[in-house]
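Trainee: Following this line is data_10.cif, made up of mmCIF, C-alpha atoms and all ligand atoms:
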data_final
loop_
_atom_site.group_PDB
_atom_site.id
_atom_site.type_symbol
_atom_site.label_atom_id
_atom_site.label_comp_id
_atom_site.auth_asym_id
_atom_site.auth_seq_id
_atom_site.Cartn_x
_atom_site.Cartn_y
_atom_site.Cartn_z
ATOM 1 C CA MET A 9 19.237 176.190 127.707
ATOM 2 C CA LEU A 10 21.979 177.783 125.701
ATOM 3 C CA ALA A 11 20.930 179.672 122.557
ATOM 4 C CA ILE A 12 23.152 180.478 119.602
ATOM 5 C CA ILE A 13 22.404 183.126 116.999
ATOM 6 C CA GLY A 14 24.441 182.318 113.911
ATOM 7 C CA GLY A 15 25.531 184.944 111.400
ATOM 8 C CA SER A 16 27.190 184.852 107.995
ATOM 9 C CA GLY A 17 29.125 181.621 107.667
ATOM 10 C CA LEU A 18 27.164 179.900 110.428
ATOM 11 C CA LEU A 19 23.749 179.106 108.978
ATOM 12 C CA GLN A 20 23.594 175.873 110.914
ATOM 13 C CA LEU A 21 25.390 174.071 113.695
ATOM 14 C CA ALA A 22 26.752 170.859 112.232
ATOM 15 C CA ASN A 23 27.386 169.432 115.698
ATOM 16 C CA LEU A 24 23.810 170.021 116.879
ATOM 17 C CA ASP A 25 21.864 166.805 117.295
ATOM 18 C CA VAL A 26 18.529 168.209 116.076
ATOM 19 C CA SER A 27 15.318 167.166 117.781
ATOM 20 C CA ARG A 28 12.818 169.666 116.365
ATOM 21 C CA ARG A 29 12.314 172.947 114.550
ATOM 22 C CA GLU A 30 9.708 175.465 115.593
ATOM 23 C CA VAL A 31 8.315 178.384 113.643
ATOM 24 C CA LEU A 32 7.453 180.967 116.274
ATOM 25 C CA ARG A 33 5.398 184.106 116.146
ATOM 26 C CA THR A 34 6.048 186.899 118.575
ATOM 27 C CA PRO A 35 4.320 190.161 119.531
ATOM 28 C CA TYR A 36 7.103 191.809 117.517
ATOM 29 C CA GLY A 37 6.588 189.848 114.316
ATOM 30 C CA GLU A 38 8.388 186.868 112.901
ATOM 31 C CA PRO A 39 11.917 185.797 113.771
ATOM 32 C CA SER A 40 14.427 185.297 110.959
ATOM 33 C CA GLY A 41 13.435 181.648 110.630
ATOM 34 C CA ALA A 42 12.527 178.530 112.537
ATOM 35 C CA VAL A 43 14.339 177.941 115.807
ATOM 36 C CA THR A 44 16.222 174.645 115.778
ATOM 37 C CA PHE A 45 16.299 172.744 119.069
ATOM 38 C CA GLY A 46 18.612 169.884 119.863
ATOM 39 C CA GLN A 47 21.541 168.793 121.937
ATOM 40 C CA ILE A 48 25.258 169.256 121.855
ATOM 41 C CA ARG A 49 27.174 166.867 124.090
ATOM 42 C CA GLY A 50 23.870 165.993 125.724
ATOM 43 C CA ARG A 51 23.031 169.584 126.655
ATOM 44 C CA PRO A 52 20.003 171.391 125.260
ATOM 45 C CA VAL A 53 20.852 174.057 122.693
ATOM 46 C CA ALA A 54 18.669 176.265 120.491
ATOM 47 C CA PHE A 55 19.908 177.739 117.231
ATOM 48 C CA LEU A 56 18.626 180.564 115.060
ATOM 49 C CA ALA A 57 20.163 181.833 111.808
ATOM 50 C CA ARG A 58 20.155 185.633 112.081
ATOM 51 C CA HIS A 59 19.877 186.214 108.333
ATOM 52 C CA GLY A 60 17.433 183.368 107.711
ATOM 53 C CA TYR A 61 18.367 179.931 106.494
ATOM 54 C CA GLY A 62 19.079 181.007 102.939
ATOM 55 C CA HIS A 63 20.932 184.123 104.137
ATOM 56 C CA VAL A 64 18.198 186.346 102.737
ATOM 57 C CA ILE A 65 17.729 189.031 105.424
ATOM 58 C CA PRO A 66 20.226 191.934 105.393
ATOM 59 C CA PRO A 67 21.527 193.322 108.711
ATOM 60 C CA HIS A 68 19.293 196.405 108.748
ATOM 61 C CA GLU A 69 16.180 194.299 108.126
ATOM 62 C CA VAL A 70 16.732 191.584 110.720
ATOM 63 C CA ASN A 71 13.874 191.492 113.225
ATOM 64 C CA TYR A 72 16.170 191.571 116.241
ATOM 65 C CA ARG A 73 13.287 191.992 118.668
ATOM 66 C CA ALA A 74 11.480 188.901 117.419
ATOM 67 C CA ASN A 75 14.691 186.836 117.390
ATOM 68 C CA VAL A 76 15.684 187.647 120.960
ATOM 69 C CA TRP A 77 12.112 187.405 122.193
ATOM 70 C CA ALA A 78 11.549 183.982 120.588
ATOM 71 C CA LEU A 79 14.714 182.483 122.051
ATOM 72 C CA THR A 80 14.037 183.909 125.489
ATOM 73 C CA GLU A 81 10.413 182.852 125.467
ATOM 74 C CA ARG A 82 11.509 179.317 124.554
ATOM 75 C CA GLY A 83 13.780 179.128 127.582
ATOM 76 C CA ALA A 84 17.170 180.555 126.574
ATOM 77 C CA ARG A 85 19.203 181.214 129.723
ATOM 78 C CA ALA A 86 22.077 182.681 127.723
ATOM 79 C CA ILE A 87 22.566 183.834 124.152
ATOM 80 C CA VAL A 88 25.842 183.536 122.267
ATOM 81 C CA ALA A 89 25.878 185.650 119.120
ATOM 82 C CA VAL A 90 28.197 184.668 116.300
ATOM 83 C CA ALA A 91 28.974 187.340 113.720
ATOM 84 C CA SER A 92 31.615 188.066 111.128
ATOM 85 C CA VAL A 93 33.436 191.384 111.269
ATOM 86 C CA GLY A 94 36.038 193.440 109.467
ATOM 87 C CA GLY A 95 39.357 193.867 111.261
ATOM 88 C CA ILE A 96 40.393 197.445 112.039
ATOM 89 C CA GLN A 97 43.068 196.876 114.628
ATOM 90 C CA PRO A 98 46.271 196.051 112.671
ATOM 91 C CA ASP A 99 47.035 192.873 114.645
ATOM 92 C CA LEU A 100 43.753 191.288 113.607
ATOM 93 C CA LYS A 101 43.769 189.279 110.403
ATOM 94 C CA PRO A 102 41.133 187.330 108.486
ATOM 95 C CA GLY A 103 40.295 184.109 110.312
ATOM 96 C CA ASP A 104 41.019 185.503 113.775
ATOM 97 C CA VAL A 105 38.427 184.915 116.473
ATOM 98 C CA VAL A 106 37.549 187.705 118.885
ATOM 99 C CA ILE A 107 35.443 187.897 122.050
ATOM 100 C CA PRO A 108 34.480 191.585 122.139
ATOM 101 C CA HIS A 109 34.010 193.391 125.426
ATOM 102 C CA GLN A 110 32.580 196.725 124.254
ATOM 103 C CA ILE A 111 30.283 198.158 121.606
ATOM 104 C CA ILE A 112 29.961 201.480 119.819
ATOM 105 C CA ASP A 113 26.606 201.731 118.076
ATOM 106 C CA TYR A 114 26.428 203.660 114.795
ATOM 107 C CA THR A 115 23.172 202.100 113.599
ATOM 108 C CA TRP A 116 20.013 204.109 113.046
ATOM 109 C CA GLY A 117 16.351 203.482 112.421
ATOM 110 C CA ARG A 118 16.302 199.985 113.890
ATOM 111 C CA LYS A 119 13.670 198.879 116.385
ATOM 112 C CA SER A 120 15.981 198.874 119.364
ATOM 113 C CA THR A 121 13.760 198.508 122.427
ATOM 114 C CA TYR A 122 10.816 196.481 123.675
ATOM 115 C CA HIS A 123 9.625 199.537 125.585
ATOM 116 C CA GLU A 124 7.966 201.912 123.188
ATOM 117 C CA GLY A 125 4.628 203.588 122.747
ATOM 118 C CA ARG A 126 2.443 205.575 125.086
ATOM 119 C CA ASP A 127 1.379 202.528 127.098
ATOM 120 C CA SER A 128 4.903 201.420 127.883
ATOM 121 C CA ALA A 129 6.788 202.437 130.981
ATOM 122 C CA VAL A 130 9.990 204.417 130.500
ATOM 123 C CA VAL A 131 12.736 201.845 130.993
ATOM 124 C CA HIS A 132 16.481 202.478 131.047
ATOM 125 C CA ILE A 133 18.802 199.496 131.130
ATOM 126 C CA ASP A 134 22.352 199.655 132.418
ATOM 127 C CA PHE A 135 24.649 198.972 129.448
ATOM 128 C CA THR A 136 28.047 199.932 130.829
ATOM 129 C CA GLU A 137 29.196 196.387 130.087
ATOM 130 C CA PRO A 138 27.173 195.447 127.004
ATOM 131 C CA TYR A 139 28.290 191.807 127.129
ATOM 132 C CA ASP A 140 27.678 189.607 130.138
ATOM 133 C CA PRO A 141 31.046 189.334 131.930
ATOM 134 C CA GLY A 142 30.381 185.818 133.234
ATOM 135 C CA LEU A 143 29.387 184.487 129.839
ATOM 136 C CA ARG A 144 32.476 186.089 128.284
ATOM 137 C CA VAL A 145 34.674 184.303 130.819
ATOM 138 C CA ARG A 146 33.009 181.022 129.910
ATOM 139 C CA LEU A 147 33.509 181.639 126.204
ATOM 140 C CA ILE A 148 37.180 182.406 126.712
ATOM 141 C CA ALA A 149 37.543 179.243 128.800
ATOM 142 C CA ALA A 150 35.700 177.235 126.135
ATOM 143 C CA ALA A 151 38.103 178.556 123.508
ATOM 144 C CA ALA A 152 41.093 177.493 125.613
ATOM 145 C CA ALA A 153 39.563 174.053 126.186
ATOM 146 C CA ALA A 154 38.952 173.687 122.435
ATOM 147 C CA GLY A 155 42.495 174.806 121.605
ATOM 148 C CA VAL A 156 41.224 177.892 119.771
ATOM 149 C CA THR A 157 43.269 181.077 120.066
ATOM 150 C CA VAL A 158 41.059 184.110 120.624
ATOM 151 C CA SER A 159 41.551 187.802 121.324
ATOM 152 C CA ASP A 160 39.784 188.171 124.632
ATOM 153 C CA SER A 161 38.750 191.798 124.239
ATOM 154 C CA ALA A 162 37.808 194.153 121.427
ATOM 155 C CA VAL A 163 35.642 197.185 120.840
ATOM 156 C CA TYR A 164 33.016 196.298 118.249
ATOM 157 C CA ALA A 165 31.679 199.144 116.083
ATOM 158 C CA VAL A 166 28.232 198.397 114.684
ATOM 159 C CA THR A 167 27.489 200.122 111.371
ATOM 160 C CA GLN A 168 24.161 200.325 109.594
ATOM 161 C CA GLY A 169 25.079 198.561 106.372
ATOM 162 C CA PRO A 170 24.279 196.886 104.174
ATOM 163 C CA ARG A 171 27.116 198.614 102.358
ATOM 164 C CA LEU A 172 30.624 198.280 103.717
ATOM 165 C CA GLU A 173 32.389 201.360 105.064
ATOM 166 C CA THR A 174 34.542 203.913 103.302
ATOM 167 C CA ALA A 175 38.241 204.031 104.173
ATOM 168 C CA ALA A 176 37.670 207.378 105.929
ATOM 169 C CA GLU A 177 34.841 205.900 107.976
ATOM 170 C CA ILE A 178 37.135 203.107 109.111
ATOM 171 C CA ASP A 179 39.764 205.724 110.087
ATOM 172 C CA ARG A 180 37.104 207.472 112.114
ATOM 173 C CA LEU A 181 35.989 204.244 113.801
ATOM 174 C CA GLU A 182 39.599 203.580 114.722
ATOM 175 C CA ARG A 183 39.950 207.070 116.200
ATOM 176 C CA ASP A 184 36.794 206.338 118.169
ATOM 177 C CA GLY A 185 38.514 203.298 119.635
ATOM 178 C CA ALA A 186 36.988 200.470 117.585
ATOM 179 C CA ASP A 187 38.961 197.284 116.883
ATOM 180 C CA VAL A 188 36.450 195.464 114.677
ATOM 181 C CA VAL A 189 33.429 196.478 112.624
ATOM 182 C CA GLY A 190 30.220 194.593 111.912
ATOM 183 C CA MET A 191 26.560 195.299 111.204
ATOM 184 C CA THR A 192 24.530 193.089 113.522
ATOM 185 C CA GLY A 193 25.718 193.553 117.105
ATOM 186 C CA MET A 194 23.060 196.147 117.823
ATOM 187 C CA PRO A 195 20.313 196.291 118.844
ATOM 188 C CA GLU A 196 20.658 192.540 119.516
ATOM 189 C CA ALA A 197 22.842 192.995 122.604
ATOM 190 C CA ALA A 198 20.628 195.705 124.113
ATOM 191 C CA LEU A 199 17.458 193.707 123.536
ATOM 192 C CA ALA A 200 18.951 190.705 125.308
ATOM 193 C CA ARG A 201 19.792 192.996 128.223
ATOM 194 C CA GLU A 202 16.212 194.282 128.234
ATOM 195 C CA MET A 203 15.010 190.685 128.375
ATOM 196 C CA GLY A 204 17.440 189.990 131.215
ATOM 197 C CA VAL A 205 19.280 187.257 129.306
ATOM 198 C CA PRO A 206 23.077 187.067 129.532
ATOM 199 C CA TYR A 207 24.506 187.741 126.078
ATOM 200 C CA ALA A 208 28.014 187.557 124.671
ATOM 201 C CA ALA A 209 29.504 187.399 121.189
ATOM 202 C CA ILE A 210 32.027 185.512 119.130
ATOM 203 C CA ASN A 211 33.311 187.577 116.215
ATOM 204 C CA VAL A 212 35.189 186.076 113.316
ATOM 205 C CA VAL A 213 37.351 188.440 111.284
ATOM 206 C CA ALA A 214 36.269 187.883 107.681
ATOM 207 C CA ASN A 215 38.353 190.610 106.036
ATOM 208 C CA TYR A 216 40.585 193.567 106.682
ATOM 209 C CA ALA A 217 38.334 196.612 107.052
ATOM 210 C CA ALA A 218 38.045 198.997 104.111
ATOM 211 C CA GLY A 219 41.276 200.827 103.291
ATOM 212 C CA ARG A 220 43.429 198.504 105.416
ATOM 213 C CA ALA A 221 46.081 195.961 104.347
ATOM 214 C CA ASP A 222 44.633 193.689 101.623
ATOM 215 C CA SER A 223 41.539 195.869 101.495
ATOM 216 C CA ARG A 224 43.522 199.036 100.764
ATOM 217 C CA THR A 225 41.764 199.601 97.453
ATOM 218 C CA GLY A 226 38.648 197.538 98.176
ATOM 219 C CA VAL A 227 37.269 194.621 100.151
ATOM 220 C CA ARG A 228 37.431 191.436 98.089
ATOM 221 C CA PHE A 229 34.391 189.296 98.673
ATOM 222 C CA ASP A 230 35.692 186.178 96.966
ATOM 223 C CA ALA A 231 38.121 185.338 99.757
ATOM 224 C CA ILE A 232 35.622 185.818 102.589
ATOM 225 C CA GLU A 233 33.671 182.590 102.205
ATOM 226 C CA ALA A 234 36.728 180.358 102.525
ATOM 227 C CA VAL A 235 37.985 182.329 105.541
ATOM 228 C CA LEU A 236 34.644 182.011 107.305
ATOM 229 C CA GLU A 237 34.258 178.327 106.524
ATOM 230 C CA ASP A 238 37.587 177.580 108.085
ATOM 231 C CA ALA A 239 37.081 179.787 111.141
ATOM 232 C CA MET A 240 33.558 178.561 111.817
ATOM 233 C CA SER A 241 34.868 175.068 112.521
ATOM 234 C CA GLN A 242 36.782 176.688 115.383
ATOM 235 C CA VAL A 243 33.645 178.476 116.511
ATOM 236 C CA ARG A 244 31.738 175.182 116.493
ATOM 237 C CA ALA A 245 34.465 173.603 118.622
ATOM 238 C CA MET A 246 34.173 176.470 121.105
ATOM 239 C CA ILE A 247 30.399 176.122 121.282
ATOM 240 C CA GLU A 248 30.781 172.402 121.847
ATOM 241 C CA LYS A 249 33.037 173.018 124.860
ATOM 242 C CA LEU A 250 30.715 175.715 126.150
ATOM 243 C CA ALA A 251 27.741 173.343 125.892
ATOM 244 C CA GLU A 252 29.659 170.479 127.449
ATOM 245 C CA ASN A 253 30.277 172.537 130.578
ATOM 246 C CA TRP A 254 26.823 174.100 130.599
ATOM 247 C CA LYS A 255 24.379 173.343 133.372
ATOM 248 C CA ASP A 256 20.909 174.763 133.107
ATOM 249 C CA GLY A 257 20.121 176.862 136.097
ATOM 250 C CA ASP A 258 23.623 178.289 135.918
ATOM 251 C CA ASP A 259 23.745 182.003 136.128
ATOM 252 C CA PRO A 260 26.675 183.028 133.924
ATOM 253 C CA ALA A 261 26.737 186.465 135.494
ATOM 254 C CA ARG A 262 27.855 184.880 138.746
ATOM 255 C CA SER A 263 30.514 182.557 137.381
HETATM 256 N N1 LIG B 1 32.398 195.905 107.712
HETATM 257 C C1 LIG B 1 31.190 195.718 108.285
HETATM 258 N N2 LIG B 1 30.691 194.515 108.526
HETATM 259 C C2 LIG B 1 31.415 193.447 108.192
HETATM 260 C C3 LIG B 1 32.680 193.569 107.587
HETATM 261 C C4 LIG B 1 33.194 194.870 107.337
HETATM 262 O O1 LIG B 1 34.308 195.061 106.803
HETATM 263 N N3 LIG B 1 33.143 192.307 107.362
HETATM 264 C C5 LIG B 1 32.189 191.465 107.836
HETATM 265 N N4 LIG B 1 31.147 192.142 108.330
#
When written as structure tokens, how does the structure in this file appear?
Mentor:
Amino acid sequence: MLAIIGGSGLLQLANLDVSRREVLRTPYGEPSGAVTFGQIRGRPVAFLARHGYGHVIPPHEVNYRANVWALTERGARAIVAVASVGGIQPDLKPGDVVIPHQIIDYTWGRKSTYHEGRDSAVVHIDFTEPYDPGLRVRLIAAAAAAGVTVSDSAVYAVTQGPRLETAAEIDRLERDGADVVGMTGMPEAALAREMGVPYAAINVVANYAAGRADSRTGVRFDAIEAVLEDAMSQVRAMIEKLAENWKDGDDPARS
């Protein structure tokens, strides 16, 4: 089963033929909301809204452990994370869709591992490639099949939020090598790796990052909603193609 975690602008999957919703409890507390199960193009898909269904949970308060655990426990064989981002790299403009290939984590104080406490073994995961390469290839192919133009690589900087960045912080992220900036990519990606579930992301550029282009003197929130609404229809089309070609039992890492 394919699982989708939807972010800002993707509180539900309009093309999901819903069969049931389940409120799950996990050893790590409650997920952001009920998990919606259904089918897209006849393939089983689960959906979870990262910020809750009324968009009520800010990035630093999302229970990432419970979300990833719940989806995995319910049979997710791959997780596709959808998240909006600010564009740092000058070629990226609002509405652009990006499949990131790397992460720089600037978050702090989040519960970022399942392995903690005296009773837990010391576990180190390999995270050289934070996104599953096979799942990324499938996402890029799904975009092509859906006629959606995507940037097929980007370095995603994850900031703590919930405030946006200062212009100087964005300059620093750029010097560090970041192309886009968001607040939710971590620890989600690392937790999926700990659970052994292939994970990849679709980022939608919602705005120019602070201090850049239109956002030179400030990020305007009023334009963001319309940008996301438009771009999310492209994301839905990509997910539809991904689902259409999905066979359970597939191991994306080997494709
Ligand atoms: N910064 C951080 N997170 C974001 C942004 C941004 O500019 N836009 C959307 N998510």
Trainee: Could you check how far CA of Ser159 in chain A sits from CA of Tyr139 in chain A, in Å to one decimal?
Mentor: 15.0 Å
Trainee: Expanded to explicit residues, what is the PyMOL selection byres (((chain A and resi 60-66) around 8) and not hetatm) for this file, as a list in words?
Mentor: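 Checked against the file, the PyMOL selection byres (((chain A and resi 60-66) around 8) and not hetatm) matches Ser16, Leu19, Gln20, Ser40, Gly41, Leu56, Ala57, Arg58, His59, Pro67, His68, Glu69, Val70 and Pro170 of chain A.
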Trainee: Any chance you could tabulate, as a Markdown table, the residues of chain A at most 8 Å from ligand LIG 1 (chain B) with each one's nearest atom pair and distance in Å to one decimal, using all atoms listed in the file, in chain and rising number order?
Mentor:
| residue | atom | partner | partner_atom | distance |
| --- | --- | --- | --- | --- |
| A:Ala91 | CA | B:LIG1 | N4 | 7.5 |
| A:Ser92 | CA | B:LIG1 | C5 | 4.8 |
| A:Val93 | CA | B:LIG1 | C5 | 3.7 |
| A:Gly94 | CA | B:LIG1 | O1 | 3.6 |
| A:Gly95 | CA | B:LIG1 | O1 | 6.8 |
| A:Val166 | CA | B:LIG1 | C1 | 7.5 |
| A:Thr167 | CA | B:LIG1 | C1 | 6.5 |
| A:Gly169 | CA | B:LIG1 | C1 | 7.0 |
| A:Arg171 | CA | B:LIG1 | C1 | 7.8 |
| A:Leu172 | CA | B:LIG1 | N1 | 5.0 |
| A:Glu173 | CA | B:LIG1 | N1 | 6.1 |
| A:Val189 | CA | B:LIG1 | C1 | 4.9 |
| A:Gly190 | CA | B:LIG1 | N2 | 3.4 |
| A:Met191 | CA | B:LIG1 | N2 | 5.0 |
| A:Val213 | CA | B:LIG1 | C5 | 6.9 |
| A:Ala214 | CA | B:LIG1 | N3 | 5.4 |
| A:Asn215 | CA | B:LIG1 | N3 | 5.6 |
| A:Tyr216 | CA | B:LIG1 | O1 | 6.5 |
| A:Ala217 | CA | B:LIG1 | O1 | 4.3 |
| A:Ala218 | CA | B:LIG1 | O1 | 6.1 |
| A:Val227 | CA | B:LIG1 | O1 | 7.3 |
Trainee: Print the selection's residues with C-alpha atoms to a file, as a compact mmCIF listing (two decimals), in the frame of the given file.
Mentor:
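Final output, saved to selection_5.txt:
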# COMPACT_ATOMS: atom_id res chain seq x y z
CA ALA A 91 28.97 187.34 113.72
CA SER A 92 31.62 188.07 111.13
CA VAL A 93 33.44 191.38 111.27
CA GLY A 94 36.04 193.44 109.47
CA GLY A 95 39.36 193.87 111.26
CA VAL A 166 28.23 198.40 114.68
CA THR A 167 27.49 200.12 111.37
CA GLY A 169 25.08 198.56 106.37
CA ARG A 171 27.12 198.61 102.36
CA LEU A 172 30.62 198.28 103.72
CA GLU A 173 32.39 201.36 105.06
CA VAL A 189 33.43 196.48 112.62
CA GLY A 190 30.22 194.59 111.91
CA MET A 191 26.56 195.30 111.20
CA VAL A 213 37.35 188.44 111.28
CA ALA A 214 36.27 187.88 107.68
CA ASN A 215 38.35 190.61 106.04
CA TYR A 216 40.58 193.57 106.68
CA ALA A 217 38.33 196.61 107.05
CA ALA A 218 38.04 199.00 104.11
CA VAL A 227 37.27 194.62 100.15
Trainee: Run the PyMOL selection byres (((chain A and resi 108) around 9) and not hetatm) mentally over the shown coordinates, then write out the matched residues as a list in words, using the chain letters and numbers from the document.
Mentor: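 This file gives the following for the PyMOL selection byres (((chain A and resi 108) around 9) and not hetatm): Val106, Ile107, His109, Gln110, Ile111, Tyr139, Arg144, Ser159, Asp160, Ser161, Ala162, Val163, Tyr164, Asp187, Val188, Ala208, Ala209, Ile210 and Asn211 of chain A.
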Trainee: At what distance in Å, to one decimal, does CA of Leu10 in chain A lie from CA of Pro52 in chain A?
Mentor: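 Value for the CA of Pro52 in chain A-CA of Leu10 in chain A distance: 6.7 Å.
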Trainee: Report, in Å to a single decimal, how far apart CA of Ala54 in chain A and CA of Glu237 in chain A are.
Mentor: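 One can read the CA of Glu237 in chain A to CA of Ala54 in chain A distance as 21.0 Å.
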Trainee: I'd like to know which of A:Ala175, A:Ala186, A:Leu250, A:Val130 is closest to Ala154 in chain A, using all atoms listed in the file.
Mentor: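 When distances to Ala154 in chain A are compared using all atoms listed in the file, the smallest one comes from A:Leu250.
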